[in-house]
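Pasting start-v6.txt here (compact mmCIF, N, CA and C atoms):
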# COMPACT_ATOMS: atom_id res chain seq x y z
N MET A 1 13.33 59.90 22.23
CA MET A 1 14.73 59.70 21.93
C MET A 1 15.20 58.40 22.60
N SER A 2 15.96 57.63 21.88
CA SER A 2 16.46 56.38 22.46
C SER A 2 17.98 56.48 22.70
N THR A 3 18.44 55.70 23.64
CA THR A 3 19.84 55.70 24.02
C THR A 3 20.48 54.40 23.54
N ALA A 4 21.51 54.51 22.71
CA ALA A 4 22.21 53.32 22.25
C ALA A 4 22.68 52.52 23.46
N ILE A 5 22.57 51.20 23.38
CA ILE A 5 22.88 50.36 24.52
C ILE A 5 24.32 50.56 25.00
N GLU A 6 25.24 50.86 24.09
CA GLU A 6 26.63 51.10 24.47
C GLU A 6 26.80 52.35 25.32
N LYS A 7 25.85 53.25 25.25
CA LYS A 7 25.91 54.50 26.00
C LYS A 7 25.27 54.39 27.38
N ALA A 8 24.63 53.27 27.66
CA ALA A 8 23.98 53.08 28.96
C ALA A 8 25.05 52.96 30.04
N ARG A 9 24.71 53.40 31.21
CA ARG A 9 25.63 53.33 32.35
C ARG A 9 26.10 51.89 32.55
N ASN A 10 27.38 51.71 32.82
CA ASN A 10 28.04 50.43 33.10
C ASN A 10 28.29 49.57 31.87
N LEU A 11 27.72 49.92 30.75
CA LEU A 11 27.88 49.11 29.55
C LEU A 11 28.79 49.84 28.59
N GLY A 12 29.30 49.15 27.63
CA GLY A 12 30.21 49.76 26.67
C GLY A 12 30.13 49.02 25.35
N PRO A 13 31.13 49.22 24.51
CA PRO A 13 31.08 48.64 23.17
C PRO A 13 31.07 47.11 23.15
N VAL A 14 31.77 46.46 24.05
CA VAL A 14 31.79 44.99 24.05
C VAL A 14 30.43 44.44 24.44
N MET A 15 29.90 44.93 25.55
CA MET A 15 28.59 44.45 25.99
C MET A 15 27.52 44.84 24.97
N GLY A 16 27.64 46.02 24.40
CA GLY A 16 26.70 46.45 23.37
C GLY A 16 26.71 45.51 22.17
N ALA A 17 27.89 45.13 21.74
CA ALA A 17 28.02 44.21 20.60
C ALA A 17 27.43 42.84 20.92
N GLU A 18 27.45 42.45 22.18
CA GLU A 18 26.87 41.17 22.59
C GLU A 18 25.35 41.27 22.75
N LEU A 19 24.86 42.42 23.19
CA LEU A 19 23.42 42.58 23.40
C LEU A 19 22.65 42.82 22.11
N ARG A 20 23.23 43.51 21.18
CA ARG A 20 22.53 43.85 19.92
C ARG A 20 21.96 42.63 19.20
N PRO A 21 22.73 41.55 19.00
CA PRO A 21 22.16 40.39 18.31
C PRO A 21 21.04 39.70 19.10
N LEU A 22 20.93 40.04 20.37
CA LEU A 22 19.89 39.46 21.22
C LEU A 22 18.63 40.32 21.25
N GLY A 23 18.61 41.36 20.40
CA GLY A 23 17.44 42.23 20.31
C GLY A 23 17.42 43.36 21.31
N ILE A 24 18.55 43.61 21.96
CA ILE A 24 18.63 44.67 22.96
C ILE A 24 19.65 45.69 22.45
N ASP A 25 19.14 46.67 21.72
CA ASP A 25 20.04 47.63 21.09
C ASP A 25 19.96 49.02 21.69
N THR A 26 19.03 49.22 22.61
CA THR A 26 18.88 50.51 23.28
C THR A 26 18.66 50.29 24.77
N LEU A 27 18.89 51.34 25.53
CA LEU A 27 18.60 51.29 26.97
C LEU A 27 17.12 51.03 27.18
N GLU A 28 16.31 51.61 26.34
CA GLU A 28 14.86 51.43 26.46
C GLU A 28 14.48 49.96 26.23
N ALA A 29 15.14 49.30 25.28
CA ALA A 29 14.89 47.88 25.04
C ALA A 29 15.31 47.05 26.25
N LEU A 30 16.43 47.42 26.87
CA LEU A 30 16.86 46.73 28.08
C LEU A 30 15.81 46.88 29.17
N ARG A 31 15.32 48.06 29.35
CA ARG A 31 14.30 48.29 30.38
C ARG A 31 13.01 47.54 30.07
N GLU A 32 12.71 47.39 28.79
CA GLU A 32 11.49 46.67 28.40
C GLU A 32 11.60 45.18 28.72
N VAL A 33 12.74 44.56 28.40
CA VAL A 33 12.88 43.12 28.68
C VAL A 33 13.29 42.86 30.11
N GLY A 34 13.96 43.82 30.74
CA GLY A 34 14.42 43.66 32.11
C GLY A 34 15.81 43.05 32.18
N TRP A 35 16.53 43.41 33.22
CA TRP A 35 17.91 42.97 33.35
C TRP A 35 18.01 41.46 33.47
N GLN A 36 17.02 40.80 34.11
CA GLN A 36 17.08 39.35 34.28
C GLN A 36 17.03 38.64 32.93
N GLU A 37 16.07 39.02 32.10
CA GLU A 37 15.95 38.40 30.77
C GLU A 37 17.18 38.71 29.92
N ALA A 38 17.65 39.94 29.99
CA ALA A 38 18.85 40.30 29.23
C ALA A 38 20.03 39.44 29.67
N TRP A 39 20.20 39.27 30.97
CA TRP A 39 21.30 38.46 31.48
C TRP A 39 21.14 37.00 31.07
N ASP A 40 19.90 36.48 31.14
CA ASP A 40 19.66 35.11 30.72
C ASP A 40 20.05 34.91 29.25
N ARG A 41 19.65 35.85 28.41
CA ARG A 41 20.00 35.75 27.00
C ARG A 41 21.51 35.79 26.80
N LEU A 42 22.17 36.69 27.52
CA LEU A 42 23.63 36.77 27.42
C LEU A 42 24.30 35.48 27.88
N CYS A 43 23.85 34.95 28.99
CA CYS A 43 24.45 33.74 29.53
C CYS A 43 24.26 32.55 28.58
N ASP A 44 23.10 32.49 27.94
CA ASP A 44 22.84 31.41 26.99
C ASP A 44 23.77 31.51 25.78
N ARG A 45 23.98 32.72 25.31
CA ARG A 45 24.80 32.93 24.10
C ARG A 45 26.30 33.03 24.41
N TYR A 46 26.61 33.66 25.54
CA TYR A 46 28.00 33.89 25.92
C TYR A 46 28.22 33.39 27.36
N PRO A 47 28.51 32.12 27.54
CA PRO A 47 28.62 31.57 28.90
C PRO A 47 29.60 32.30 29.81
N VAL A 48 30.54 33.03 29.25
CA VAL A 48 31.49 33.79 30.08
C VAL A 48 30.76 34.90 30.84
N ARG A 49 29.57 35.27 30.41
CA ARG A 49 28.83 36.38 31.04
C ARG A 49 28.02 35.94 32.26
N THR A 50 28.29 34.76 32.80
CA THR A 50 27.52 34.29 33.95
C THR A 50 28.00 34.88 35.28
N HIS A 51 29.10 35.63 35.26
CA HIS A 51 29.61 36.16 36.53
C HIS A 51 28.72 37.30 37.05
N LEU A 52 28.75 37.49 38.33
CA LEU A 52 27.87 38.46 38.99
C LEU A 52 28.04 39.88 38.47
N LEU A 53 29.25 40.28 38.11
CA LEU A 53 29.45 41.65 37.65
C LEU A 53 28.63 41.97 36.41
N CYS A 54 28.42 40.98 35.57
CA CYS A 54 27.58 41.20 34.39
C CYS A 54 26.15 41.49 34.84
N GLY A 55 25.65 40.72 35.78
CA GLY A 55 24.31 40.97 36.31
C GLY A 55 24.22 42.34 36.98
N TYR A 56 25.24 42.69 37.75
CA TYR A 56 25.27 44.00 38.39
C TYR A 56 25.26 45.12 37.34
N ALA A 57 26.04 44.94 36.28
CA ALA A 57 26.12 45.96 35.23
C ALA A 57 24.77 46.16 34.55
N LEU A 58 24.09 45.06 34.24
CA LEU A 58 22.78 45.16 33.57
C LEU A 58 21.74 45.79 34.49
N LEU A 59 21.70 45.36 35.74
CA LEU A 59 20.75 45.96 36.69
C LEU A 59 21.06 47.43 36.88
N GLY A 60 22.32 47.75 37.04
CA GLY A 60 22.71 49.15 37.20
C GLY A 60 22.35 49.98 35.97
N ALA A 61 22.56 49.42 34.79
CA ALA A 61 22.21 50.14 33.56
C ALA A 61 20.71 50.40 33.51
N GLU A 62 19.93 49.37 33.82
CA GLU A 62 18.47 49.51 33.81
C GLU A 62 18.01 50.61 34.78
N MET A 63 18.65 50.69 35.93
CA MET A 63 18.23 51.63 36.97
C MET A 63 19.06 52.91 36.99
N ASP A 64 20.03 53.02 36.08
CA ASP A 64 20.94 54.16 36.01
C ASP A 64 21.71 54.34 37.32
N LEU A 65 22.27 53.23 37.79
CA LEU A 65 23.08 53.22 39.01
C LEU A 65 24.47 52.68 38.68
N ASP A 66 25.47 53.15 39.38
CA ASP A 66 26.83 52.63 39.24
C ASP A 66 26.84 51.20 39.76
N CYS A 67 27.22 50.27 38.92
CA CYS A 67 27.17 48.86 39.30
C CYS A 67 28.14 48.52 40.44
N MET A 68 29.15 49.32 40.63
CA MET A 68 30.10 49.06 41.70
C MET A 68 29.61 49.62 43.05
N LYS A 69 28.51 50.33 43.02
CA LYS A 69 27.97 50.92 44.25
C LYS A 69 26.51 50.52 44.48
N LEU A 70 26.12 49.37 43.93
CA LEU A 70 24.74 48.92 44.13
C LEU A 70 24.48 48.65 45.62
N PRO A 71 23.31 49.02 46.09
CA PRO A 71 22.96 48.68 47.47
C PRO A 71 22.94 47.16 47.65
N ASP A 72 23.22 46.71 48.85
CA ASP A 72 23.26 45.28 49.13
C ASP A 72 21.97 44.57 48.75
N ALA A 73 20.84 45.21 48.95
CA ALA A 73 19.55 44.58 48.63
C ALA A 73 19.46 44.25 47.14
N LEU A 74 20.03 45.10 46.29
CA LEU A 74 20.00 44.84 44.86
C LEU A 74 21.01 43.75 44.49
N LYS A 75 22.14 43.73 45.16
CA LYS A 75 23.12 42.66 44.92
C LYS A 75 22.52 41.30 45.28
N VAL A 76 21.74 41.27 46.33
CA VAL A 76 21.08 40.04 46.75
C VAL A 76 20.14 39.55 45.64
N LYS A 77 19.43 40.48 44.99
CA LYS A 77 18.53 40.11 43.89
C LYS A 77 19.31 39.47 42.74
N VAL A 78 20.45 40.03 42.42
CA VAL A 78 21.27 39.49 41.33
C VAL A 78 21.78 38.10 41.70
N LYS A 79 22.27 37.96 42.92
CA LYS A 79 22.77 36.66 43.38
C LYS A 79 21.66 35.62 43.38
N ALA A 80 20.48 36.00 43.81
CA ALA A 80 19.34 35.07 43.83
C ALA A 80 18.97 34.64 42.42
N HIS A 81 19.01 35.58 41.49
CA HIS A 81 18.69 35.24 40.10
C HIS A 81 19.73 34.25 39.55
N LYS A 82 20.97 34.47 39.86
CA LYS A 82 22.02 33.56 39.39
C LYS A 82 21.83 32.17 39.98
N ARG A 83 21.54 32.11 41.29
CA ARG A 83 21.32 30.81 41.93
C ARG A 83 20.12 30.09 41.32
N ALA A 84 19.05 30.82 41.09
CA ALA A 84 17.84 30.21 40.50
C ALA A 84 18.15 29.69 39.10
N ARG A 85 18.90 30.45 38.35
CA ARG A 85 19.27 30.03 36.99
C ARG A 85 20.13 28.77 37.04
N GLN A 86 21.09 28.73 37.94
CA GLN A 86 21.96 27.56 38.07
C GLN A 86 21.16 26.34 38.51
N SER A 87 20.22 26.56 39.41
CA SER A 87 19.38 25.48 39.90
C SER A 87 18.54 24.89 38.77
N MET A 88 17.98 25.74 37.94
CA MET A 88 17.15 25.28 36.82
C MET A 88 17.99 24.50 35.81
N ARG A 89 19.20 24.95 35.58
CA ARG A 89 20.07 24.30 34.60
C ARG A 89 20.55 22.94 35.10
N ALA A 90 20.63 22.78 36.43
CA ALA A 90 21.12 21.55 37.01
C ALA A 90 20.09 20.41 36.91
N ARG A 91 18.86 20.77 36.67
CA ARG A 91 17.79 19.75 36.62
C ARG A 91 17.86 18.92 35.39

Please express the file's structure as structure tokens.
Amino acid sequence: MSTAIEKARNLGPVMGAELRPLGIDTLEALREVGWQEAWDRLCDRYPVRTHLLCGYALLGAEMDLDCMKLPDALKVKVKAHKRARQSMRAR
């Protein structure tokens, strides 16, 4: 059984509508590509999605955790991914 991406924790109809054209239409598809790749795709297509809360939401959805209560160690991973992405784009 697959879970529609809009039904995944922290995500909803707006994020679902943005993820579907990127090939991520289920929670299982998100888990297959990983939150980092999903966020990269979103940021490339929708630059407004570069804020940390989007990364927290995707990571939380992948791990079935409330994005507003992520442990600090996971927040650090999201921040590091954002910094690495910004660094690569600056080159």

| request: Mind giving me the straight-line distance from atom C of A:Arg89 to atom CA of A:Arg31 in Å, one decimal? | output: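 So the answer is 26.5 Å.
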
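Between atom C of A:Gln86 and atom CA of A:Thr26 there is a distance of 28.7 Å.
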
| task | Pick out the closest residue to A:Val76 from this set: A:Ala61, A:Ala8, A:Ala90, A:Leu52. Count only C-alpha atoms. | result |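 Of A:Ala61, A:Ala8, A:Ala90, A:Leu52, the one nearest A:Val76, counting only C-alpha atoms, is A:Leu52.
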
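Atom N of A:Glu32 lies 11.6 Å from atom CA of A:Ser2.
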
Centre and edge lengths of an axis-aligned box around all listed atoms of stretch 30-41 of chain A, with 8 Å added on each side, are to be given in Å to one decimal, as lines of an AutoDock Vina configuration file.
center_x = 16.5
center_y = 41.6
center_z = 30.5
size_x = 26.0
size_y = 29.4
size_z = 23.5

| Near-stretch 33-48 of chain A list (8 Å; all atoms listed in the file; drop same-chain fewer than 3 positions) as an NGL selection string | :A and (18-19 or 22 or 24 or 27-30 or 51 or 54-55 or 57-62 or 81)

| said: Measuring between only N, CA and C atoms, which one of A:Asp66, A:Thr50, A:Asp25, A:Ala17 shows the shortest distance to A:Ala4? | reply: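 With only N, CA and C atoms as the atom set, the closest residue is A:Asp25.
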
| message | Could you list, as a VMD selection string, every residue within 9 Å of A:Leu74, counting only C-alpha atoms and ignoring same-chain residues fewer than 4 positions away? | response | chain A and resid 56 59 70 78 to 79

How would the residues just chosen look if you wrote them out with N, CA and C atoms as a PDB file, keeping the file's coordinate frame?
ATOM      1  N   TYR A  56      25.240  42.690  37.750  1.00  0.00           N
ATOM      2  CA  TYR A  56      25.270  44.000  38.390  1.00  0.00           C
ATOM      3  C   TYR A  56      25.260  45.120  37.340  1.00  0.00           C
ATOM      4  N   LEU A  59      21.700  45.360  35.740  1.00  0.00           N
ATOM      5  CA  LEU A  59      20.750  45.960  36.690  1.00  0.00           C
ATOM      6  C   LEU A  59      21.060  47.430  36.880  1.00  0.00           C
ATOM      7  N   LEU A  70      26.120  49.370  43.930  1.00  0.00           N
ATOM      8  CA  LEU A  70      24.740  48.920  44.130  1.00  0.00           C
ATOM      9  C   LEU A  70      24.480  48.650  45.620  1.00  0.00           C
ATOM     10  N   VAL A  78      20.450  40.030  42.420  1.00  0.00           N
ATOM     11  CA  VAL A  78      21.270  39.490  41.330  1.00  0.00           C
ATOM     12  C   VAL A  78      21.780  38.100  41.700  1.00  0.00           C
ATOM     13  N   LYS A  79      22.270  37.960  42.920  1.00  0.00           N
ATOM     14  CA  LYS A  79      22.770  36.660  43.380  1.00  0.00           C
ATOM     15  C   LYS A  79      21.660  35.620  43.380  1.00  0.00           C
TER      16      LYS A  79
END
